[in-house]
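The file input_37.tsv contains TSV, C-alpha atoms:
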chain	number	residue	atom	x	y	z
A	1	MET	CA	36.14	118.74	90.99
A	2	GLU	CA	36.79	119.01	87.26
A	3	ALA	CA	34.92	115.77	86.63
A	4	LEU	CA	31.88	117.19	88.43
A	5	GLN	CA	32.07	120.41	86.41
A	6	SER	CA	32.26	118.53	83.13
A	7	TRP	CA	29.32	116.29	84.10
A	8	VAL	CA	27.21	119.31	85.09
A	9	SER	CA	28.21	121.04	81.86
A	10	GLU	CA	27.03	118.03	79.83
A	11	HIS	CA	23.84	117.42	81.86
A	12	LYS	CA	22.54	120.92	82.60
A	13	LEU	CA	18.83	120.11	82.79
A	14	THR	CA	19.38	117.03	84.94
A	15	SER	CA	21.50	119.11	87.31
A	16	ILE	CA	18.88	121.83	87.58
A	17	GLY	CA	16.11	119.27	88.10
A	18	THR	CA	18.14	117.63	90.84
A	19	VAL	CA	18.67	120.96	92.58
A	20	TRP	CA	14.94	121.68	92.35
A	21	ALA	CA	13.93	118.29	93.76
A	22	SER	CA	16.50	118.58	96.54
A	23	ALA	CA	15.23	122.03	97.44
A	24	VAL	CA	11.63	120.81	97.61
A	25	GLY	CA	12.64	117.91	99.81
A	26	ALA	CA	14.79	120.07	102.09
A	27	SER	CA	12.08	122.70	102.46
A	28	LEU	CA	9.43	120.08	103.21
A	29	ALA	CA	11.70	118.44	105.77
A	30	TYR	CA	12.45	121.77	107.42
A	31	ASN	CA	8.82	122.85	107.52
A	32	SER	CA	7.63	119.51	108.86
A	33	ARG	CA	10.13	119.68	111.74
A	34	ALA	CA	9.01	123.14	112.78
A	35	LYS	CA	5.81	123.26	114.78
A	36	SER	CA	3.92	125.28	112.24
A	37	PRO	CA	0.15	125.80	112.15
A	38	LEU	CA	0.21	125.48	108.35
A	39	LYS	CA	-1.75	122.77	106.60
A	40	PRO	CA	0.24	120.21	104.61
A	41	SER	CA	-1.02	121.72	101.34
A	42	LEU	CA	0.38	125.14	102.32
A	43	ARG	CA	3.66	123.54	103.36
A	44	LEU	CA	3.90	121.97	99.90
A	45	ILE	CA	3.16	125.30	98.23
A	46	HIS	CA	5.84	127.03	100.31
A	47	ALA	CA	8.32	124.26	99.54
A	48	ARG	CA	7.64	124.65	95.84
A	49	MET	CA	8.10	128.42	96.06
A	50	HIS	CA	11.43	128.02	97.87
A	51	ALA	CA	12.54	125.51	95.25
A	52	GLN	CA	11.52	127.83	92.42
A	53	ALA	CA	13.52	130.69	93.94
A	54	LEU	CA	16.57	128.47	94.28
A	55	THR	CA	16.10	127.17	90.74
A	56	LEU	CA	15.97	130.73	89.38
A	57	ALA	CA	19.22	131.48	91.22
A	58	VAL	CA	20.82	128.33	89.78
A	59	LEU	CA	19.59	129.16	86.27
A	60	SER	CA	20.98	132.69	86.60
A	61	GLY	CA	24.31	131.27	87.72
A	62	ALA	CA	24.28	128.77	84.86
A	63	ALA	CA	23.56	131.55	82.37
A	64	ALA	CA	26.39	133.65	83.77
A	65	TYR	CA	28.75	130.66	83.65
A	66	HIS	CA	27.71	129.88	80.06
A	67	TYR	CA	28.29	133.51	79.06
A	68	TYR	CA	31.68	133.50	80.81
A	69	GLU	CA	32.62	130.19	79.16
A	70	LYS	CA	31.76	131.51	75.68
A	71	ARG	CA	33.56	134.79	76.30
A	72	VAL	CA	36.74	133.14	77.58
A	73	GLY	CA	36.57	130.61	74.75
A	74	LYS	CA	36.41	133.37	72.14
A	75	LYS	CA	39.33	135.23	73.70
A	76	GLY	CA	41.37	132.01	73.74
A	77	GLU	CA	40.64	131.37	70.05
A	78	THR	CA	41.74	134.84	68.92
A	79	ALA	CA	45.01	134.76	70.84

Just give me the structure as structure tokens.
Amino acid sequence: MEALQSWVSEHKLTSIGTVWASAVGASLAYNSRAKSPLKPSLRLIHARMHAQALTLAVLSGAAAYHYYEKRVGKKGETA
């Protein structure tokens, strides 16, 4: 688990891009399975919107983690 955390910490943009692409793929797969009257272009738009929402959540989490990391690092240095 620590190896994964260190890799994600070193490759933040790659990780976020991977999450985005996975979310688009998962949303497209889910919407194509459901018998929906939506056109393929609307399915793609919805998949992109779902992926953007997930990406914003991941970016918020990454920002919180970065803030926490800096804060804990500063406390550790002063002790």

| task | May I ask for the distance between atom CA of Ser60 of chain A and atom CA of Ser32 of chain A, given in Å to one decimal place? | result |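 Interatomic distance here is 29.1 Å.
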
| said: Please list as a list in words every residue within 6 Å of segment 51-57 of chain A, counting only C-alpha atoms and excluding residues in the same chain fewer than 4 positions away. | reply: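 Skipping anything fewer than 4 positions along the chain leaves Trp20, Ala23 and Val24 of chain A.
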
| query | From the set A:Ile16, A:Val8, A:Ala21, A:Val72, which residue has the shortest atom-to-atom contact distance to Met49 of chain A, counting all atoms listed in the file? | reply |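 Comparing A:Ile16, A:Val8, A:Ala21, A:Val72 against Met49 of chain A, the winner is A:Ala21.
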
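Here the question is which of A:Leu13, A:Ala62, A:Met1, A:Leu28 gets nearest to Pro40 of chain A using all atoms listed in the file, and that residue is A:Leu28.
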
| request: Would you mind reading off the distance between atom CA of His50 of chain A and atom CA of Glu2 of chain A, one decimal, in Å? | output: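 Atom CA of Glu2 of chain A lies 28.9 Å from atom CA of His50 of chain A.
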
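The spacing separating atom CA of Leu44 of chain A from atom CA of Tyr30 of chain A amounts to 11.4 Å.
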
| Distance criterion (only C-alpha atoms): nearest to Gly25 of chain A out of A:Glu69, A:Arg43, A:His11, A:Pro37 |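 Using only C-alpha atoms, Gly25 of chain A sits closest to A:Arg43.
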